[in-house]
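Input: a single structure, listed below in C-alpha cells.
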Amino acid sequence: MTLLMIFLAFDPVAILRAVVPFVGLLLVLVVIHEFGHFLAAKAFGIKVLEFGIGFPPRAWTYLRRGDTEYTLNWLPIGGFVRLLGEEDPTDPRSLAAAPRWKRLTVMFAGVFMNLVVAVVLMGAGFMIPRERSLSLAQVSEVSPGSPAVEALVEGSMRDGSEPIQGIQPGDIVLEVEGRDIKNTSELVFANRLNLGEVQHWVINRGGSTLTAEVYARWDPPEGQGPTGIRISAPATCLEFSDDGECTRAELLYPYTETVWYPPWEAFPKGAQALVDTMRLTVNEIRVRISGTSGASVSGDQPAFTGPVGIADSTGQLIDQEGWRPLVEFAALLSLNLAIFNALPLPMLDGGRMFFVFLEILRGGRRIAPEKEALVHLTGFALLMMGVLVVTYFDIARLLT
C-alpha cells in the first residue's frame, strides 16, 4: 500500500475537513495539558527549560524569560514541557529533587487540566440550544426467555386490575433509573449505562403508569439487547403492502423541544455527563474484553482507534451534524487524554507517578535514574509502535 494509493483513495478536501479540525483540537488540548505541568512546576520553583508548542524540530524560539525558552516546533500535533532532571535528582531545582508530593502534583497537573477543560466544554455544550426529539420510546417486540419477560411490574391498570407481568409490546418507557426518556436514543443510552443491574423503569401501558424492575444482561444472545426488547417510536401505518407489511408510517409524536440550560445548571450537568461517559466506556471495554458484542454500544466499530480513526470520526461528525457538536467532541477528547495520561504506563504521567509510588513503597529508596529513563524510553518506543499498528488498521478499514 503506497502513499500514492492512499492519497488517490480519498477526497483531498474531505481529508482537510477531517484532519484540520482534529489536529487543531488535539494541539490546543495537549498544550493545555502541558500548561498544567508548567504552572505546577513554576509554582514549586522547579526549573522549566522549555515550553514547546508542537513537537521538534524547532522552528522558532519566540521568547526567553528567566530559565525558560518558549518555542514553536514544526510538528503541530501537541506540545511539551521540558523540566530539569526529570529522573536525575542531582540539581536542587530539578523535578527529581523535589519532595514526593510536589512531584506527584506536577505530574498530575496535566491530567487535572484536561479534566477541568472537559467539564467546562461539556457544560458549555449544555448551554447551546439544541433540538430534543419527543417521539417517545415504545416496546415493539419482547424476546422469549429474556429479562424483559421476567420483569416485575407493579401498579394498577386504569380499571383497577393487576397488570400483566413482564414488559409487553406497546409499553412506552418514560423513565429509567430516574432519567426521563423522550426518545429511543435516550432509552438505549440509559439502558447500556446500567448494564449488569436491575433497572427501575417507569412505563405507560394503555394510559396507566406502572413501574417495572428489569435486569440488563452483560452477555445477551446474538440479536437481542441487554433486556431482550426491540424499541421504536410510536407510529401509525399509512400504507400496507399486499402481504400486510407496513410500507409507510408516520410518527404519532413528531415533536421536538429546544433545550438549553443556564450556567449554574449546565456545568453540573456537564460533570455528570462526563461521569456517565466514563461508566459507559468501562461497560463497553468490559463487554469487548469478554469477547461478546451483544451488549456492546457499537459492536460494528473497531475496539481501538488511533489518530487516523479519530480524525475520520471528526470529519463524519462535521458532515452529519455541523460544527456545534465539536464542543462536546472536544470535551470527550480532553477526557480521553486525561484518562490515557493517567494510565500507569511508561513515559506517560501515570507511569512517572507509578515510580514515585514505588519509591514510597521502597521506604524512600529510588530506582536508579538511568534505569527509570530506560523504562520510559522503552515504553515510548512500544507506544509509538502501537500507534503505528492501530493507524495501519485505521487506514485499511477506511480503504475498504
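Residues in the C-alpha cells are numbered from 1 in each chain, the chains being A, B, ... in the order shown, and ligands are numbered from 1 in the order shown.
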Taking 6 positions as the minimum chain separation for residues in the same chain, which residues sit within 12 Å of range 173-182 of chain A when counting only C-alpha atoms? Answer as a compact mmCIF listing (two decimals) with N, CA and C atoms, in the first residue's frame.
```txt
# COMPACT_ATOMS: atom_id res chain seq x y z
N GLU A 131 -32.16 20.81 19.57
CA GLU A 131 -33.49 20.21 19.46
C GLU A 131 -33.47 18.80 20.04
N ARG A 132 -34.42 18.52 20.90
CA ARG A 132 -34.57 17.20 21.51
C ARG A 132 -35.84 16.56 21.00
N SER A 133 -35.72 15.36 20.44
CA SER A 133 -36.88 14.65 19.92
C SER A 133 -37.80 14.22 21.06
N LEU A 134 -39.09 14.37 20.85
CA LEU A 134 -40.11 13.95 21.82
C LEU A 134 -40.96 12.82 21.26
N SER A 135 -40.35 11.99 20.39
CA SER A 135 -41.10 10.94 19.69
C SER A 135 -41.41 9.73 20.58
N LEU A 136 -40.83 9.68 21.80
CA LEU A 136 -41.04 8.60 22.78
C LEU A 136 -40.38 7.29 22.34
N ALA A 137 -40.35 6.35 23.27
CA ALA A 137 -39.71 5.04 23.04
C ALA A 137 -40.70 3.95 23.42
N GLN A 138 -41.16 3.21 22.43
CA GLN A 138 -42.18 2.18 22.64
C GLN A 138 -41.58 0.79 22.39
N VAL A 139 -41.96 -0.16 23.23
CA VAL A 139 -41.51 -1.55 23.05
C VAL A 139 -42.29 -2.14 21.88
N SER A 140 -41.56 -2.62 20.86
CA SER A 140 -42.22 -3.21 19.70
C SER A 140 -42.14 -4.73 19.70
N ILE A 167 -42.51 -7.03 30.64
CA ILE A 167 -42.66 -5.94 29.68
C ILE A 167 -43.45 -6.45 28.49
N VAL A 188 -31.80 3.75 24.88
CA VAL A 188 -30.61 2.93 24.63
C VAL A 188 -29.47 3.36 25.54
N PHE A 189 -29.24 4.68 25.64
CA PHE A 189 -28.14 5.19 26.47
C PHE A 189 -28.35 4.81 27.93
N ALA A 190 -29.53 5.07 28.47
CA ALA A 190 -29.79 4.79 29.87
C ALA A 190 -29.70 3.30 30.16
N ASN A 191 -30.17 2.48 29.21
CA ASN A 191 -30.14 1.03 29.38
C ASN A 191 -28.72 0.50 29.44
N ARG A 192 -27.87 0.97 28.54
CA ARG A 192 -26.49 0.46 28.48
C ARG A 192 -25.58 1.11 29.51
N LEU A 193 -26.04 2.21 30.08
CA LEU A 193 -25.29 2.83 31.16
C LEU A 193 -25.35 1.99 32.43
N ASN A 194 -26.39 1.17 32.56
CA ASN A 194 -26.60 0.40 33.78
C ASN A 194 -26.58 -1.10 33.51
N LEU A 195 -25.64 -1.55 32.69
CA LEU A 195 -25.51 -2.97 32.41
C LEU A 195 -25.17 -3.74 33.68
N GLU A 197 -27.24 -4.54 36.00
CA GLU A 197 -28.04 -4.10 37.14
C GLU A 197 -29.52 -4.36 36.87
N VAL A 198 -30.28 -4.44 37.96
CA VAL A 198 -31.73 -4.46 37.85
C VAL A 198 -32.19 -3.01 37.80
N GLN A 199 -32.71 -2.60 36.66
CA GLN A 199 -33.06 -1.21 36.43
C GLN A 199 -34.51 -0.94 36.81
N HIS A 200 -34.73 0.24 37.39
CA HIS A 200 -36.09 0.66 37.74
C HIS A 200 -36.65 1.49 36.59
N TRP A 201 -37.71 0.97 35.97
CA TRP A 201 -38.35 1.66 34.85
C TRP A 201 -39.72 2.18 35.28
N VAL A 202 -40.12 3.29 34.68
CA VAL A 202 -41.50 3.77 34.73
C VAL A 202 -42.05 3.65 33.32
N ILE A 203 -43.18 2.96 33.18
CA ILE A 203 -43.74 2.72 31.85
C ILE A 203 -45.19 3.18 31.79
N ASN A 204 -45.63 3.44 30.58
CA ASN A 204 -47.04 3.73 30.33
C ASN A 204 -47.61 2.56 29.55
N ARG A 205 -48.67 1.96 30.10
CA ARG A 205 -49.32 0.82 29.44
C ARG A 205 -50.83 1.12 29.36
N GLY A 207 -52.36 3.85 28.96
CA GLY A 207 -52.76 5.02 29.73
C GLY A 207 -52.51 4.91 31.21
N SER A 208 -52.01 3.75 31.68
CA SER A 208 -51.71 3.56 33.10
C SER A 208 -50.21 3.68 33.32
N THR A 209 -49.82 4.35 34.40
CA THR A 209 -48.42 4.50 34.75
C THR A 209 -48.03 3.39 35.72
N LEU A 210 -47.07 2.57 35.33
CA LEU A 210 -46.62 1.43 36.11
C LEU A 210 -45.11 1.50 36.33
N THR A 211 -44.61 0.70 37.25
CA THR A 211 -43.16 0.57 37.45
C THR A 211 -42.75 -0.86 37.13
N ALA A 212 -41.51 -1.01 36.69
CA ALA A 212 -41.00 -2.34 36.34
C ALA A 212 -39.55 -2.45 36.76
N GLU A 213 -39.16 -3.62 37.24
CA GLU A 213 -37.77 -3.93 37.58
C GLU A 213 -37.23 -4.86 36.50
N VAL A 214 -36.28 -4.36 35.72
CA VAL A 214 -35.80 -5.07 34.54
C VAL A 214 -34.30 -5.26 34.63
N TYR A 215 -33.83 -6.49 34.48
CA TYR A 215 -32.40 -6.78 34.52
C TYR A 215 -31.78 -6.58 33.15
N ALA A 216 -30.59 -5.96 33.11
CA ALA A 216 -29.86 -5.74 31.85
C ALA A 216 -28.65 -6.66 31.83
N ILE A 229 -35.49 -6.52 24.45
CA ILE A 229 -36.60 -5.83 23.78
C ILE A 229 -36.10 -5.14 22.52
N ARG A 230 -37.03 -4.92 21.59
CA ARG A 230 -36.80 -4.02 20.47
C ARG A 230 -37.69 -2.80 20.67
N ILE A 231 -37.17 -1.65 20.29
CA ILE A 231 -37.93 -0.42 20.53
C ILE A 231 -38.04 0.39 19.25
N SER A 232 -39.05 1.23 19.22
CA SER A 232 -39.26 2.15 18.10
C SER A 232 -40.10 3.30 18.60
N ALA A 233 -40.16 4.35 17.82
CA ALA A 233 -41.02 5.47 18.17
C ALA A 233 -42.47 5.11 17.79
N PRO A 234 -43.44 5.42 18.65
CA PRO A 234 -44.84 5.13 18.30
C PRO A 234 -45.21 5.75 16.96
N TYR A 253 -45.94 11.15 17.45
CA TYR A 253 -45.49 12.33 18.19
C TYR A 253 -44.26 12.93 17.50
N PRO A 254 -44.44 13.57 16.35
CA PRO A 254 -43.31 14.12 15.59
C PRO A 254 -42.87 15.49 16.12
N TYR A 255 -42.69 15.58 17.43
CA TYR A 255 -42.42 16.88 18.05
C TYR A 255 -40.99 16.95 18.55
N THR A 256 -40.52 18.16 18.71
CA THR A 256 -39.22 18.40 19.32
C THR A 256 -39.35 19.56 20.30
N GLU A 257 -38.35 19.69 21.17
CA GLU A 257 -38.29 20.85 22.04
C GLU A 257 -36.87 21.40 22.03
```
Gly85 in chain A environment, 10 Å, only C-alpha atoms, sequence neighbours closer than 3 positions dropped, as a PDB file with N, CA and C atoms, in the first residue's frame:
```
ATOM      1  N   ILE A  46      10.516  24.584  40.436  1.00  0.00           N
ATOM      2  CA  ILE A  46      11.227  23.596  39.622  1.00  0.00           C
ATOM      3  C   ILE A  46      11.615  24.247  38.293  1.00  0.00           C
ATOM      4  N   LYS A  47      12.811  24.052  37.847  1.00  0.00           N
ATOM      5  CA  LYS A  47      13.335  24.727  36.659  1.00  0.00           C
ATOM      6  C   LYS A  47      12.702  24.162  35.394  1.00  0.00           C
ATOM      7  N   VAL A  48      12.037  25.045  34.637  1.00  0.00           N
ATOM      8  CA  VAL A  48      11.433  24.666  33.359  1.00  0.00           C
ATOM      9  C   VAL A  48      12.370  25.125  32.250  1.00  0.00           C
ATOM     10  N   LEU A  49      12.934  24.184  31.532  1.00  0.00           N
ATOM     11  CA  LEU A  49      13.900  24.510  30.483  1.00  0.00           C
ATOM     12  C   LEU A  49      13.212  24.992  29.211  1.00  0.00           C
ATOM     13  N   ARG A  82       9.722  20.726  29.053  1.00  0.00           N
ATOM     14  CA  ARG A  82      10.989  20.058  29.379  1.00  0.00           C
ATOM     15  C   ARG A  82      11.477  20.601  30.712  1.00  0.00           C
ATOM     16  N   ASP A  88      16.844  12.612  37.284  1.00  0.00           N
ATOM     17  CA  ASP A  88      18.120  12.802  37.984  1.00  0.00           C
ATOM     18  C   ASP A  88      17.977  13.881  39.063  1.00  0.00           C
ATOM     19  N   PRO A  89      18.144  13.531  40.359  1.00  0.00           N
ATOM     20  CA  PRO A  89      17.938  14.493  41.445  1.00  0.00           C
ATOM     21  C   PRO A  89      19.177  15.270  41.854  1.00  0.00           C
ATOM     22  N   THR A  90      20.224  15.265  41.047  1.00  0.00           N
ATOM     23  CA  THR A  90      21.468  15.891  41.473  1.00  0.00           C
ATOM     24  C   THR A  90      21.365  17.412  41.588  1.00  0.00           C
ATOM     25  N   ASP A  91      20.546  18.051  40.775  1.00  0.00           N
ATOM     26  CA  ASP A  91      20.373  19.505  40.849  1.00  0.00           C
ATOM     27  C   ASP A  91      19.206  19.814  41.797  1.00  0.00           C
ATOM     28  N   PRO A  92      19.391  20.747  42.738  1.00  0.00           N
ATOM     29  CA  PRO A  92      18.317  21.031  43.716  1.00  0.00           C
ATOM     30  C   PRO A  92      17.047  21.611  43.087  1.00  0.00           C
ATOM     31  N   ARG A  93      17.146  22.161  41.864  1.00  0.00           N
ATOM     32  CA  ARG A  93      15.953  22.706  41.205  1.00  0.00           C
ATOM     33  C   ARG A  93      15.345  21.719  40.201  1.00  0.00           C
ATOM     34  N   SER A  94      15.831  20.510  40.201  1.00  0.00           N
ATOM     35  CA  SER A  94      15.293  19.507  39.281  1.00  0.00           C
ATOM     36  C   SER A  94      13.987  18.941  39.801  1.00  0.00           C
ATOM     37  N   LEU A  95      13.216  18.359  38.890  1.00  0.00           N
ATOM     38  CA  LEU A  95      11.962  17.717  39.289  1.00  0.00           C
ATOM     39  C   LEU A  95      12.228  16.574  40.246  1.00  0.00           C
ATOM     40  N   ALA A  96      13.248  15.775  39.942  1.00  0.00           N
ATOM     41  CA  ALA A  96      13.521  14.588  40.752  1.00  0.00           C
ATOM     42  C   ALA A  96      13.975  14.940  42.159  1.00  0.00           C
ATOM     43  N   ALA A  97      14.489  16.173  42.367  1.00  0.00           N
ATOM     44  CA  ALA A  97      14.957  16.570  43.691  1.00  0.00           C
ATOM     45  C   ALA A  97      13.831  17.119  44.560  1.00  0.00           C
ATOM     46  N   PRO A 369      18.253   6.496  38.296  1.00  0.00           N
ATOM     47  CA  PRO A 369      17.760   7.373  37.225  1.00  0.00           C
ATOM     48  C   PRO A 369      17.918   6.781  35.835  1.00  0.00           C
TER      49      PRO A 369
END
```
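Of the listed residues A:Glu245, A:Glu86, A:Lys102, A:Leu332, the one whose atoms come nearest to Met347 in chain A is A:Glu86, with distances taken using only C-alpha atoms.
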Open item on the list: Can you pull out the residues contacting range 272-278 of chain A? Cut-off 10 Å, using only C-alpha atoms, and skip same-chain residues under 4 positions away; I want them as number ranges by chain.
Closed with: A: 115, 118-119, 122-123, 126, 189-190, 193-194, 266-268, 282-284, 331-332, 335-336, 339
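The list of residues with at least one atom within 8 Å of His37 in chain A, based on only C-alpha atoms and without residues fewer than 3 positions apart in the same chain, reads His33, Glu34, Ala40, Ala41, Val81, Val106, Met107, Phe108, Ala109 and Gly110 of chain A.
Computed from the coordinates, the CA of Leu326 in chain A to CA of Gly270 in chain A distance equals 14.7 Å.
For the atom pair formed by CA of Val117 in chain A and CA of Ile32 in chain A, the distance is 8.4 Å, given to one decimal.
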With distances taken over only C-alpha atoms, the candidate from A:Pro57, A:Gly145, A:Pro169, A:Gly36 nearest Gln224 in chain A is A:Gly145
Would you please extract all alpha helix (DSSP H) residues from range 170-384 of chain A, as assigned by DSSP on the backbone, and give them as number ranges by chain? A: 184-193, 263-289, 307-321, 326-342, 349-361, 369-384
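Considering only C-alpha atoms, the residue among A:Gln165, A:Thr247, A:Asn73, A:Asn114 positioned nearest to Leu29 in chain A is A:Asn114.
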Exercise for review: Might you pull out every residue within 7 Å of range 327-330 of chain A, with only C-alpha atoms counted and same-chain residues fewer than 4 positions away left off, and present them as a ChimeraX atom specification?
Suggested key: /A:25,121-122,125,334
**Request:** Find the residues around Ser146 in chain A up to 12 Å (only C-alpha atoms counted), leave out those fewer than 2 positions away in its own chain, and share them as a PyMOL selection string.
**Result:** chain A and resi 141-144+148-151+166-168+214-217+219-221+223-230
With C-alpha atoms kept, could you save the residues just selected as a compact mmCIF listing (two decimals), in the first residue's frame?
```
# COMPACT_ATOMS: atom_id res chain seq x y z
CA GLU A 141 -41.01 -6.76 20.45
CA VAL A 142 -40.04 -8.84 23.50
CA SER A 143 -37.76 -11.86 23.07
CA PRO A 144 -38.97 -15.11 24.73
CA ALA A 148 -37.98 -8.27 29.95
CA VAL A 149 -40.32 -11.27 30.11
CA GLU A 150 -39.36 -11.85 33.76
CA ALA A 151 -39.65 -8.16 34.74
CA GLY A 166 -43.28 -8.71 32.18
CA ILE A 167 -42.66 -5.94 29.68
CA GLN A 168 -45.28 -6.06 26.94
CA VAL A 214 -35.80 -5.07 34.54
CA TYR A 215 -32.40 -6.78 34.52
CA ALA A 216 -29.86 -5.74 31.85
CA ARG A 217 -27.59 -8.65 30.85
CA ASP A 219 -23.95 -11.14 27.55
CA PRO A 220 -27.28 -11.37 25.71
CA PRO A 221 -27.81 -13.82 22.83
CA GLY A 223 -29.66 -10.31 18.01
CA GLN A 224 -31.00 -9.39 21.45
CA GLY A 225 -30.21 -6.36 23.54
CA PRO A 226 -29.37 -6.44 27.25
CA THR A 227 -33.04 -6.60 28.30
CA GLY A 228 -34.36 -8.51 25.28
CA ILE A 229 -36.60 -5.83 23.78
CA ARG A 230 -36.80 -4.02 20.47
```
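Pairwise distance (CA of Val111 in chain A, CA of Phe35 in chain A) equals 10.6 Å.
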Nearest to Gly350 in chain A, restricted to only C-alpha atoms and choosing among A:Leu337, A:Ile172, A:Ala235, A:Leu27, comes out as A:Leu337
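Counting only C-alpha atoms, range 352-368 of chain A has the following residues at most 9 Å away, ignoring those fewer than 2 positions along the same chain: A:Glu87, A:Asp88, A:Arg100, A:Arg103, A:Leu104, A:Met107, A:Phe108, A:Ala342, A:Pro344, A:Leu345, A:Pro346, A:Met347, A:Leu348, A:Asp349, A:Gly350, A:Glu370, A:Lys371, A:Glu372, A:Ala373, A:His376.
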